[in-house]
Amino acid sequence: MSIPSAVKSTPIYGRQQLIDYLAAGEKPRDAWRIGTEHEKFGFRMDDLRPPAFEGEHGIRALLEGIATRHGWEMAREGEVPVALMRDKANITLEPAGQLELSGAPLETIHQTCLEVNTHLEEVRSVADELGLGFFGMGFQPKWRRDEMPWMPKGRYKIMREYMPKVGSLGLDMMTRTCTVQVNLDFESEGDMVRKFRTSLALQPIATALFADSPFTDGKPNGYLSYRSNVWTDTDADRTGMLDFVFDAGFGYERYVDYMLDVPMYFSYQDGHYVDLAGKDFKRFMAGTLDELPGTRATMKDWGDHLTTAFPEVRLKQYLEMRGADGGPWNRLCALPALWVGLLYDDDALNAAWDLVKDFSREERHALRDGVPKHALKLPFRHGTVRDLAREALQIAAHGLKRRNRLNRNGANESVFLEPLIEIVEAGQTPAERKLELFHGAWKGSVDPIFKEFAY
């Protein structure tokens with residue numbers, strides 16, 4: 001899913017190149033793949049604090065150990081290791097050392113779940129020896145923002161300085177959130193539009209199902225998905241529900257126009273990041289930025305710029321579903337199952353669109369705004385979000401059964417929806433379960449999370 005090397009250095013001379021870049025993501029159905037990404041919090045087993053980058057028991061030692069033991073290639077910024085690469089997958093660092101697996105594009109969710117489990121086993125084999133553990137939630141439950149470490153990546157320094165200028169929670173987004181997302185393909189502009197609209201309208205339902213961030217600084221924060229709430233005050237220029245996606249005539253060109261209006265963060269030039277935070281990408285295309293006089297943006301810059309917008313669904317050369325809190329291993333497999341079931345089968349996609357096509361703009365925003373606090377219990381029309389979630393899961397299950405991708409035991413991919421079906425049937429999100437434990441068996445402490453929910 002990367003830009004061909006010959007394209008990367010091509011100067012940009014007009015909008016059509018940018019439109020063509022998005023269109024180049026189109027793939028025939030037999031080439032559609034599933035790319036799953038998930039982030040997780042690390043902690044030191046002795047005191048539960050997040051590990052720093054350097055040190056005998058730090059993130060750098062973890063990366064080097066995984067690379068040496070399990071055959072990953074190291075990527076560096078200067079002399080600093082910042083990522084690992086193997087078989088079209090990457091292990092990367094989020095700003096406070098949250099470890100992310102950006103999985104390879106795979107054919108089935110069975111393969112995705114094997115990839116996730118293999119990754120967690122490899123991480124654990126090294127982390128145990130370093131006295132580190134990892135767990136999945138949407139928001140760091142215990143440590144304050146000023147207690148989180150910062151990783152030595154150039155783009156994060158730029159974002160760290162810029163975020164407080166455009167929102168009050170951007171630094172929390174960077175240092176204290178974790179998510180799971182899935183990247184999916186489309187075969188044409190029309191197919192992209194249909195999937196974008198359907199998944200954008202349904203993204204709050206995924207947020208509700210995966211809600212697992214009810215604590216801040218060791219106490220309940222009044223939300224079930226505080227991670228989702230954080231995005232509402234991060235940077236209005238690059239987040240949100242993208243109402244224009246539902247307008248007549250939406251397509252690649254309109255998304256390009258949106259991205260050209262998103263302020264820049266940086267450009268990677270000669271091995272280092274140039275701070276361009278808040279600058280206009282159109283001026284960069286014209287070669288008139290004061291910081292880079294005479295330098296014109298290339299297609300590599302465009303590819304980088306596409307990663308700096310954070311809407312609920314993001315378009316690159318594929319569509320990214322971005323609405324879910326991080327969680328345990330079985331929910332890391334459940335998210336791709338949900339969206340593949342809804343979007344990769346025509347009958348399911350039609351049924352999913354029928355479910356949401358008459359939602360008004362106000363209703364879509366009411367779902368987005370209400371779900372972080374109320375999740376499945378949020379009232380909607382004559383029922384609740386729980387009712388919508390149940391319908392969406394039924395549609396997804398039928399879609400996965402029709403896909404009929406079987407494992408060695410003859411089970412289709414719908415088995416991966418079971419954790420979500422249990423959540424809907426119980427009417428209790430993961431966040432509500434943890435709150436119940438907090439007020440009961442945990443006796444007002446979040447510390448048991450680090451043991452009971454570690455991978």
# chains A, B, ... in the order shown; residues from 1 in each chain; ligands from 1

call {"tool": "residues_around", "arguments": {"residues": "stretch 109-114 of chain A", "least_positions_apart": "5", "cutoff": "10 Å", "atoms": "only C-alpha atoms", "output": "PyMOL selection string"}}
result
chain A and resi 33-37+103-104+119-120+329-337+340+400+405-408+411-416

call {"tool": "select_by_dssp", "arguments": {"residues": "stretch 240-388 of chain A", "states": "strand (DSSP E or B)", "output": "number ranges by chain"}}
result
A: 240, 266-269, 272-275, 298, 310-311, 313-315, 319-325, 379-380, 383-384

call {"tool": "closest_residue", "arguments": {"among": "A:Glu187, A:Asp447, A:Asp237, A:Glu100", "to": "A:Val166", "atoms": "only C-alpha atoms"}}
result
A:Asp237

call {"tool": "closest_residue", "arguments": {"among": "A:Gly249, A:Pro419, A:Gly427, A:Pro293", "to": "A:Leu378", "atoms": "only C-alpha atoms"}}
result
A:Gly427

call {"tool": "closest_residue", "arguments": {"among": "A:Leu132, A:Gln181, A:Leu93, A:Phe281", "to": "A:Asp257", "atoms": "only C-alpha atoms"}}
result
A:Phe281

call {"tool": "residues_around", "arguments": {"residues": "A:Ala208", "least_positions_apart": "6", "cutoff": "9 Å", "atoms": "only C-alpha atoms", "output": "PyMOL selection string"}}
result
chain A and resi 224-225+323-324+371-372+374-377+385-386+389+429

call {"tool": "residues_around", "arguments": {"residues": "A:Arg15", "least_positions_apart": "2", "cutoff": "9 Å", "atoms": "only C-alpha atoms", "output": "list in words"}}
result
Ile12, Tyr13, Gln17, Leu18, Ile19, Asp20, Glu253, Val256 and Asp257 of chain A

call {"tool": "write_last_selection", "arguments": {"atoms": "C-alpha atoms", "output": "PDB file, in the first residue's frame"}}
result
ATOM      1  CA  ILE A  12       3.198  18.098  -8.351  1.00  0.00           C
ATOM      2  CA  TYR A  13       2.059  20.462 -11.072  1.00  0.00           C
ATOM      3  CA  GLN A  17      -2.149  14.372 -10.202  1.00  0.00           C
ATOM      4  CA  LEU A  18      -3.590  14.292  -6.705  1.00  0.00           C
ATOM      5  CA  ILE A  19      -6.932  13.001  -7.958  1.00  0.00           C
ATOM      6  CA  ASP A  20      -5.200  10.368 -10.073  1.00  0.00           C
ATOM      7  CA  GLU A 253     -11.833  15.455  -6.523  1.00  0.00           C
ATOM      8  CA  VAL A 256      -8.566  16.324  -2.734  1.00  0.00           C
ATOM      9  CA  ASP A 257     -10.068  19.778  -2.221  1.00  0.00           C
TER      10      ASP A 257
END

call {"tool": "residues_around", "arguments": {"residues": "A:Leu130", "least_positions_apart": "3", "cutoff": "8 Å", "atoms": "only C-alpha atoms", "output": "PyMOL selection string"}}
result
chain A and resi 56-58+62+126-127

call {"tool": "write_last_selection", "arguments": {"atoms": "N, CA and C atoms", "output": "PDB file, in the first residue's frame"}}
result
ATOM      1  N   GLU A  56      17.837   0.347  29.746  1.00  0.00           N
ATOM      2  CA  GLU A  56      17.947  -1.113  29.678  1.00  0.00           C
ATOM      3  C   GLU A  56      16.592  -1.766  29.474  1.00  0.00           C
ATOM      4  N   HIS A  57      15.536  -1.134  29.977  1.00  0.00           N
ATOM      5  CA  HIS A  57      14.194  -1.702  29.876  1.00  0.00           C
ATOM      6  C   HIS A  57      13.273  -0.788  29.062  1.00  0.00           C
ATOM      7  N   GLY A  58      13.843  -0.114  28.057  1.00  0.00           N
ATOM      8  CA  GLY A  58      13.082   0.862  27.288  1.00  0.00           C
ATOM      9  C   GLY A  58      12.571   0.331  25.965  1.00  0.00           C
ATOM     10  N   LEU A  62      13.362  -2.907  23.327  1.00  0.00           N
ATOM     11  CA  LEU A  62      12.297  -3.786  22.848  1.00  0.00           C
ATOM     12  C   LEU A  62      12.362  -3.934  21.334  1.00  0.00           C
ATOM     13  N   VAL A 126       9.972 -10.892  24.003  1.00  0.00           N
ATOM     14  CA  VAL A 126      11.042  -9.943  24.318  1.00  0.00           C
ATOM     15  C   VAL A 126      10.659  -9.088  25.525  1.00  0.00           C
ATOM     16  N   ALA A 127       9.405  -8.638  25.567  1.00  0.00           N
ATOM     17  CA  ALA A 127       8.968  -7.739  26.638  1.00  0.00           C
ATOM     18  C   ALA A 127       9.080  -8.401  28.011  1.00  0.00           C
TER      19      ALA A 127
END

call {"tool": "closest_residue", "arguments": {"among": "A:Ile66, A:Ala392, A:Tyr258, A:Ala89", "to": "A:Glu129", "atoms": "only C-alpha atoms"}}
result
A:Ile66

call {"tool": "atom_distance", "arguments": {"atom1": "atom CA of A:Leu260", "atom2": "atom CA of A:Gln317"}}
result
16.3 Å

call {"tool": "closest_residue", "arguments": {"among": "A:Arg381, A:Lys434, A:Arg364, A:Arg238", "to": "A:Thr308", "atoms": "only C-alpha atoms"}}
result
A:Arg238
